[in-house]
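The structure appears below as structure tokens.
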Amino acid sequence: MEKTAQEKINLQTRYVQLENVNMTFFTKKGTFEALKNVNFSIREGEFISIIGHSGCGKSTVLNLIAGLLHPTDGNLFCAGREIAGPGPERAVVFQNHSLLPWLTCAENVHLAVERVFGGKESKAKLAQRTQAAIELVGLAHAAEKRPNEISGGMKQRVGIARALAMEPKVLLLDEPFGALDALTRAHLQDELMGIMAKSGCTAVMVTHDVDEAVLLSDRIVMMTNGPAATIGEILEVDLARPRKRLELAEDSHYNHLRSEVLKFLYERHARKAA
Amino acid sequence: MSAVSISKKDIKTIMKSDQTIVKPAAAVTPPVAARPSMLALKSRAFFQWLLPPVFGLLLLVAIWALISYQSPNLPGPLPTWQAATELFSDPFYINDPNDQGIGWNILASLERVALGFGLAALVGIPLGFIIGRFQFISRMAAPVIGILRPVSPLAWLPIGLLVFKAADPAAIWVIFISAIWPMIINTAVGVSKVPQDYMNVAKVLNLSEWKIVTKILFPFVLPYMMTGVRLSIGVAWLVIVAAEMLTGGVGIGFWVWDEWNNLNVEHIIIAIFVVGIVGLLLEVALTSLAKRFSYE
Ligand SMILES: Nc1ncnc2c1ncn2[C@@H]1O[C@H](COP(=O)(O)OP(=O)(O)OP(=O)(O)O)[C@@H](O)[C@H]1O
Ligand SMILES: [Mg+2]
């Protein structure tokens, strides 16, 4: 059946959609209501950041979109279809890179390439895809190294290469640069911006870092504190692209947006004294 | 800058020496010559490494000699050594099926162990994977393993004799049943310890079960599995001697029993050493194999 024009627009504006999502964990110690009534949708090609205090449920939201968790209540959609489980159209960059230590960087990426394009393309084409993904993150020289032979920043890049090599519709990043030093982080943020501009895929990134959120995002989803966390506010980041971190540092609108996020985090939803 | 290099040890020897003052030449030699060569350093390290085990073995022999001196029934190291040289001068003779050289007996035992252990690995390792991978099967297997594992290996011998109606398969069966547990358990433990992160990768990439096993589970579990294999081969070698004592035929266990009937105590002691050394060699071989396979 042909999609109507209205449906197409709906798909574009609500490419990923969360509807009344509740998430309760059942543990040995009892139940824990992590998320309550989470509602938001993501446009196609948009870059969303999720920010909030530690333990509020950011990773839980991301894992729900990834399909690694199932909501206790509510619905999640991606590209018009209900999210039933993990799938290669939603690639994840894990917080701790999660590379397999017994495979080289290239082999780690190839595992993903093989899975998504296996069957459909020749071996040579698959190898070419792996090579291209490794080159995209500037790691051609380290392709044959094992993860324990490269630096933390390089590992994270391999993780990004692995995710991008799958040509996902949605890229999910859980604090991708959280474990890196400030310089490496800034460098990778710039690289990620470039890559996202080229690939045009939709992205959801969990972060703790206010500057990172403002610099990279089209919108920032700010979460309230748990338990029963939900979305507090959504901030539109209407800064022109491409963005340059040095120029933005003195940009008054950038600083205004930045302080909006800070006010949300430290005034309206300050963490109760631990 | 000083052109003289004197190590602490040198100073100590010099201080202790009576001729400290008369021997300044040693201390004035240029540093290049004074520094011990690489080869000398290495050989010194080697001796330091070798010395303690050699002392240990010497101590064992000394205690043995002492005991044999006290009790005249027990042959001492010297007569045993003489008997051993005689025995190993012709290890591969065959007089009749029940009188063969020690070499044949060792090989017969090794063959049984290899068969029983091989079968146990063939069954136990995949079983360990399945048990580790599926909660339901793990719960199912728990009581069975719990009950069967503590059973003394030799208790399985009558069952083997009954079912196979022959001594040789019965001995192999005993090896099999006693060697299988460490492999099942260690493999299953390894599988259950695979980090959730790796399994999440598998889920996000939507890997097939085959890829999960070959690319994630197997490499991760390999060290655990090798521990199981090592324990198993130890148990197998431990059990074969006892099993063969009961079943007879050709084999190091039977040989011990035979020599006991002949009251040839030297040979029994030799057999103890042979069993120990072969067991040690098996262990060393498997440990080095395990090191080769570990990914780190
Ligand atoms: N599998 C689980 N079982 C029980 N509770 C869980 C589980 N996963 C998460 N939680 C709880 O849900 C809450 C949200 O967890 P989540 O990992 O999403 O937080 P987060 O915002 O990502 O935190 P951080 O910034 O520290 O990574 C926490 O209180 C956590 O303890
Ligand atoms: Mg988290």
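Chain lettering (A, B, ...) mirrors the order of the structure tokens, residue numbering begins at 1 for each chain separately, and ligand numbering begins at 1 in order of display.
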
Find the nearest atom pair between each residue of chain A and chain B for residues within 7 Å, count only C-alpha atoms, give distances in Å to one decimal, sort rows by chain and ascending number, and present the table as a Markdown table.
| residue | atom | partner | partner_atom | distance |
| --- | --- | --- | --- | --- |
| A:Pro86 | CA | B:Val204 | CA | 5.1 |
| A:Gly87 | CA | B:Val204 | CA | 5.7 |
| A:Pro88 | CA | B:Leu205 | CA | 5.7 |
| A:Ala91 | CA | B:Val204 | CA | 6.6 |
| A:Val92 | CA | B:Val204 | CA | 7.0 |
| A:Ser98 | CA | B:Asp197 | CA | 5.9 |
| A:Trp102 | CA | B:Tyr295 | CA | 5.4 |
| A:Ala112 | CA | B:Leu205 | CA | 6.0 |
| A:Arg115 | CA | B:Leu207 | CA | 6.7 |

Next on the checklist: Using only C-alpha atoms and all ligand atoms, which residues of the polymer chains come no farther than 12 Å from ligand 2? I'd like the answer as JSON, numbers by chain.
Outcome noted: {"A": [50, 51, 52, 53, 54, 55, 56, 57, 58, 59, 60, 61, 62, 63, 94, 95, 96, 173, 174, 175, 176, 178, 205, 206, 207, 208]}

Checklist entry - What lies within 10 Å of Lys193 in chain B using only C-alpha atoms, ignoring chain neighbours under 3 positions off, as a PyMOL selection string? => result chain B and resi 132+187-190+196+217+220-221+224

Next on the checklist: According to DSSP computed on the backbone, where in range 44-261 of chain A is there strand (DSSP E or B)? Give the residues as a ChimeraX atom specification.
Outcome noted: /A:47-51,73-78,81-82,90-93,170-174,202-207,219-223,229,231-236

Next on the checklist: With DSSP run on the backbone, what are the alpha helix (DSSP H) residues within range 165-238 of chain A? I'd like them as JSON, numbers by chain.
Outcome noted: {"A": [165, 182, 183, 184, 185, 186, 187, 188, 189, 190, 191, 192, 193, 194, 195, 196, 197, 198, 199, 210, 211, 212, 213, 214, 215, 216]}
